[in-house]
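Working notes, beginning with the structure itself.
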Amino acid sequence: METDQCRQEHKNPAGKPTELEVRDVISESADKDSHTKLLCRPAEESKGLCVKDPAETKSPSHPEGVRGVAECKKHHLKKTNSWKMVRFQDPSIDDHVLERDSSGESLFPEYVIEEWTSSTFEKLFMAEDWQDITEDRLLRKKVLESRGLHALQPTWGQEVTVKMQCVLEDRTVVEKDCKLVFVIGEGDVNQALEECVMSMQKDEITLLLADSQYAYGLLGREPDIPAWAPLLYQLQLLDIREKPDPFTLPVADRIRIGNQKRERGNFHFQREEYSMAARAYCMALDVLTTQSRDGSDVGGKAEEQEVKDYRVKCLNNLAAAQLKLEQYDDALQTSQDVLTLEPNNVKALFRAGKLLSDKGEYKEAMEVLKKALKLEPTTKAIHAELSKLVKRQSGGKDIQGWKPKPAEMHGDNIAPFLIPSRKREPSGLYWKFILGALVVALGSLVTSMVLTAKN
C-alpha cells in the first residue's frame, strides 16, 4: 500500500498554524440533512482541500558562481502555483532561511543533466546505470555524488534533513524544499522518499525515480500531481540525528510538530486512508502535551490553552477516523476524552450520544443528545438522532407524527423527548352515535324495499 504526502508551509513555525476545518461539521452548518456527516467527518478542513499557497520568495543565490547560475537558467523548469507540503522545519534554523524557494531554478545547478531535464521516464526505468531500491524496479536511484563507503546512513526512526526538488515527466516542478525535516517511518512524507533516504549516505546527492504506487497513486494530489503520475526527485541528505524526545522540547515546538501531524492526518482522512489518518492523529496527541518527564507542567496558561485546543481537534478527528474503521468502542472513549477537556463540545456530544444509543444505553444517550440540542437547537442531525432514539425507546412503534421541539422550550424537562404524543382515542359516545345513525339508515332502506315490493 502506498504512503502519500501532503505538505503545507507555515511561515511562523512556532506560531499558531492555519486551522483546517473539514466540510461536514455540525458547528459550521446548522441545517445539514444527514447526521452521518456530523458523525464521520474530522473536525478540521482547509478552505481548499489541504493546501494554502505561501507567498513566493526569491531564490537564494548559489555559491557555485556565475557559471552555475547561467547554466541553470538555460534549463529553467516549469513551476506550479501549488507548493502543497507540510513543513517540518528545523527549530534551529532562522525563519528567513526557511522561506521556500518557489522559482523554477534548480537547487542543484551543477547537476542539471539530461536525465533530469529531458529523458523520458520509460528510458530511466530501463537504464542499466540506475540502482533498484525495491525488487519490483519501480523505485530506482542514480547516485550523482557520494562521500565514500564509511559515511553515515540513516535508520528507521531517525530524523533527517533533506534538500529536495521533484518534477513530473513534463518537468513541471511540484515539490521543492531546501531543508525538509522528517522522521523516517512516521509517514511524514511519501514512501518513495522514506525508502530512498534509508539507502543514502550523509551528503550523498542522488536522482530518485518513483512509480506512482510509491508516491500518490490512484488519487494523485490535487491540483498539481495527476493520478498514476511517476515522479523524479533530486535529493541530498544533509543531516542525520536521533528523533528528539517531545518531553524535552519547548512547548511551542511541541505545538508546531503536533499540528503538522494533525494536518497530515487530515490529508489521509480526505483520501479515505483512515488507518493512516488515525495513526497520524495518535502521534499528534503524543506530542501535544505541556508535561515533562517528571510530570510537572512546563508551559504557561496561554500555551496550556493552545495545547488543549489542538488536543480537542485531534481527538475529534481521531473519533471520526475510528468510526470509519468501525471501531465504535474506541470512538466512544475518544469522544468522552474530548468531553473531559471540553464538556460543551457539540461534535463530541453528538457522536457520544449516537454511539450510546446504538449500544442500547438510551437514558444516558438521551441526556447527552439533549445537552447537544440545547447548545445547537437548530441542528437537524441532532433532531433526527433524537427522533430515532425515541422510536427505539418506544419499541419500534410508529412515531412519525412526533416532532421534537427546541430544547430551550423544555428546560430540564426531558419528558417531551422520552414520550411521543399519542393520537386521541375516540370516546364511547362517539361510537354510539355512529351505530345509531347506521341502524336508522338501514331501517329506512328496508321499509322502502317492502313498500316497493307491495306496489
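Scheme for the C-alpha cells: letters A, B, ... for chains in order shown; per-chain residue numbers from 1; ligand numbers from 1 in order shown.
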Problem - Backbone-only DSSP, alpha helix (DSSP H) members of stretch 170-323 of chain A, as number ranges by chain - result: A: 191-198, 251-270, 274-287, 301-323
Practice task
For A:Trp228, please output as a VMD selection string all residues within 8 Å (counting only C-alpha atoms; exclusion window: fewer than 2 positions along the same chain).
Solution key: chain A and resid 211 to 213 216 to 220 226 230
Write the selection just made, keeping all heavy atoms, as a PDB file, in the first residue's frame?
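Listing of part-v8.pdb after writing:
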```pdb
ATOM      1  N   ASP A 211       7.733   5.214  -9.090  1.00  0.00           N
ATOM      2  CA  ASP A 211       6.437   4.912  -9.687  1.00  0.00           C
ATOM      3  C   ASP A 211       5.333   5.461  -8.790  1.00  0.00           C
ATOM      4  O   ASP A 211       5.523   5.685  -7.588  1.00  0.00           O
ATOM      5  CB  ASP A 211       6.286   3.396  -9.833  1.00  0.00           C
ATOM      6  CG  ASP A 211       5.005   3.003 -10.540  1.00  0.00           C
ATOM      7  OD1 ASP A 211       4.936   3.123 -11.772  1.00  0.00           O
ATOM      8  OD2 ASP A 211       4.053   2.587  -9.837  1.00  0.00           O
ATOM      9  N   SER A 212       4.146   5.647  -9.362  1.00  0.00           N
ATOM     10  CA  SER A 212       3.055   6.297  -8.635  1.00  0.00           C
ATOM     11  C   SER A 212       2.645   5.540  -7.379  1.00  0.00           C
ATOM     12  O   SER A 212       2.184   6.150  -6.408  1.00  0.00           O
ATOM     13  CB  SER A 212       1.838   6.452  -9.553  1.00  0.00           C
ATOM     14  OG  SER A 212       1.371   5.183  -9.975  1.00  0.00           O
ATOM     15  N   GLN A 213       2.808   4.215  -7.363  1.00  0.00           N
ATOM     16  CA  GLN A 213       2.370   3.471  -6.183  1.00  0.00           C
ATOM     17  C   GLN A 213       3.249   3.754  -4.970  1.00  0.00           C
ATOM     18  O   GLN A 213       2.857   3.476  -3.843  1.00  0.00           O
ATOM     19  CB  GLN A 213       2.328   1.973  -6.467  1.00  0.00           C
ATOM     20  CG  GLN A 213       3.671   1.315  -6.651  1.00  0.00           C
ATOM     21  CD  GLN A 213       3.517  -0.187  -6.794  1.00  0.00           C
ATOM     22  OE1 GLN A 213       3.365  -0.918  -5.823  1.00  0.00           O
ATOM     23  NE2 GLN A 213       3.502  -0.645  -8.034  1.00  0.00           N
ATOM     24  N   TYR A 216       1.795   9.049  -5.056  1.00  0.00           N
ATOM     25  CA  TYR A 216       0.435   9.481  -4.777  1.00  0.00           C
ATOM     26  C   TYR A 216      -0.631   8.617  -5.441  1.00  0.00           C
ATOM     27  O   TYR A 216      -1.811   8.915  -5.337  1.00  0.00           O
ATOM     28  CB  TYR A 216       0.265  10.945  -5.181  1.00  0.00           C
ATOM     29  CG  TYR A 216       1.186  11.844  -4.396  1.00  0.00           C
ATOM     30  CD1 TYR A 216       2.391  12.274  -4.939  1.00  0.00           C
ATOM     31  CD2 TYR A 216       0.877  12.203  -3.099  1.00  0.00           C
ATOM     32  CE1 TYR A 216       3.253  13.074  -4.207  1.00  0.00           C
ATOM     33  CE2 TYR A 216       1.729  12.995  -2.357  1.00  0.00           C
ATOM     34  CZ  TYR A 216       2.927  13.435  -2.915  1.00  0.00           C
ATOM     35  OH  TYR A 216       3.780  14.208  -2.176  1.00  0.00           O
ATOM     36  N   GLY A 217      -0.234   7.577  -6.136  1.00  0.00           N
ATOM     37  CA  GLY A 217      -1.141   6.532  -6.558  1.00  0.00           C
ATOM     38  C   GLY A 217      -2.335   6.954  -7.385  1.00  0.00           C
ATOM     39  O   GLY A 217      -2.284   7.892  -8.199  1.00  0.00           O
ATOM     40  N   LEU A 218      -3.437   6.254  -7.160  1.00  0.00           N
ATOM     41  CA  LEU A 218      -4.659   6.427  -7.934  1.00  0.00           C
ATOM     42  C   LEU A 218      -5.232   7.827  -7.809  1.00  0.00           C
ATOM     43  O   LEU A 218      -5.745   8.390  -8.773  1.00  0.00           O
ATOM     44  CB  LEU A 218      -5.694   5.397  -7.465  1.00  0.00           C
ATOM     45  CG  LEU A 218      -7.135   5.573  -7.958  1.00  0.00           C
ATOM     46  CD1 LEU A 218      -7.193   5.414  -9.474  1.00  0.00           C
ATOM     47  CD2 LEU A 218      -8.059   4.577  -7.292  1.00  0.00           C
ATOM     48  N   LEU A 219      -5.144   8.424  -6.622  1.00  0.00           N
ATOM     49  CA  LEU A 219      -5.787   9.716  -6.392  1.00  0.00           C
ATOM     50  C   LEU A 219      -4.942  10.894  -6.837  1.00  0.00           C
ATOM     51  O   LEU A 219      -5.469  11.982  -7.064  1.00  0.00           O
ATOM     52  CB  LEU A 219      -6.126   9.869  -4.901  1.00  0.00           C
ATOM     53  CG  LEU A 219      -7.100   8.839  -4.331  1.00  0.00           C
ATOM     54  CD1 LEU A 219      -7.292   9.072  -2.839  1.00  0.00           C
ATOM     55  CD2 LEU A 219      -8.426   8.894  -5.057  1.00  0.00           C
ATOM     56  N   GLY A 220      -3.633  10.688  -6.978  1.00  0.00           N
ATOM     57  CA  GLY A 220      -2.784  11.829  -7.265  1.00  0.00           C
ATOM     58  C   GLY A 220      -2.786  12.796  -6.096  1.00  0.00           C
ATOM     59  O   GLY A 220      -3.063  12.430  -4.945  1.00  0.00           O
ATOM     60  N   PRO A 226      -1.163  14.546 -11.131  1.00  0.00           N
ATOM     61  CA  PRO A 226      -2.277  13.728 -11.643  1.00  0.00           C
ATOM     62  C   PRO A 226      -2.262  12.320 -11.054  1.00  0.00           C
ATOM     63  O   PRO A 226      -1.290  11.880 -10.428  1.00  0.00           O
ATOM     64  CB  PRO A 226      -2.030  13.692 -13.166  1.00  0.00           C
ATOM     65  CG  PRO A 226      -0.988  14.730 -13.439  1.00  0.00           C
ATOM     66  CD  PRO A 226      -0.190  14.881 -12.184  1.00  0.00           C
ATOM     67  N   PRO A 230       4.178   9.052 -12.181  1.00  0.00           N
ATOM     68  CA  PRO A 230       5.507   8.814 -11.606  1.00  0.00           C
ATOM     69  C   PRO A 230       6.207  10.146 -11.372  1.00  0.00           C
ATOM     70  O   PRO A 230       5.880  11.156 -11.995  1.00  0.00           O
ATOM     71  CB  PRO A 230       6.212   7.983 -12.686  1.00  0.00           C
ATOM     72  CG  PRO A 230       5.508   8.335 -13.953  1.00  0.00           C
ATOM     73  CD  PRO A 230       4.096   8.662 -13.600  1.00  0.00           C
TER      74      PRO A 230
END
```
Problem - A:Met164 surroundings by only C-alpha atoms, 7 Å radius, close-in-sequence under 6 positions cut, as a VMD selection string - result: chain A and resid 176 to 178 233 to 236
Any chance you could tabulate, as CSV, the residues of stretch 188-261 of chain A at most 10 Å from stretch 125-133 of chain A with each one's nearest atom pair and distance in Å to one decimal, using only C-alpha atoms, in chain and rising number order?
```
residue,atom,partner,partner_atom,distance
A:Ala192,CA,A:Ile133,CA,9.5
A:Glu195,CA,A:Ile133,CA,7.5
A:Cys196,CA,A:Ile133,CA,7.0
A:Met198,CA,A:Ile133,CA,9.8
A:Ser199,CA,A:Ile133,CA,7.5
A:Leu207,CA,A:Trp130,CA,9.1
A:Leu208,CA,A:Trp130,CA,9.3
A:Leu209,CA,A:Phe125,CA,7.6
A:Ala210,CA,A:Phe125,CA,9.2
A:Asp211,CA,A:Phe125,CA,9.2
```
Practice task
Identify, on the basis of only C-alpha atoms, every residue whose closest approach to stretch 326-329 of chain A does not exceed 8 Å; exclude the query and any residue fewer than 4 positions from it along the same chain; express the result as a ChimeraX atom specification.
Solution key: /A:322,333,355
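Note that atom CA of A:Thr290 and atom CA of A:Phe267 are 25.9 Å apart.
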Contacts of stretch 307-313 of chain A at 7 Å (only C-alpha atoms; same-chain gap of 5+ positions) as a short mmCIF file (atom, residue, chain, number, x, y, z; two decimals) with C-alpha atoms, in the first residue's frame:
```cif
data_model
loop_
_atom_site.label_atom_id
_atom_site.label_comp_id
_atom_site.auth_asym_id
_atom_site.auth_seq_id
_atom_site.Cartn_x
_atom_site.Cartn_y
_atom_site.Cartn_z
CA ALA A 43 -13.34 18.39 12.75
CA ILE A 255 2.56 22.58 19.22
CA LEU A 285 -1.60 13.55 20.65
CA LEU A 288 0.70 17.78 22.28
CA THR A 289 1.40 17.97 25.99
CA VAL A 338 -12.99 15.25 24.30
#
```
Problem - For A:Leu238: contacts at 6 Å, only C-alpha atoms, fewer than 3 positions along chain excluded, given as a ChimeraX atom specification - result: /A:161-162,203
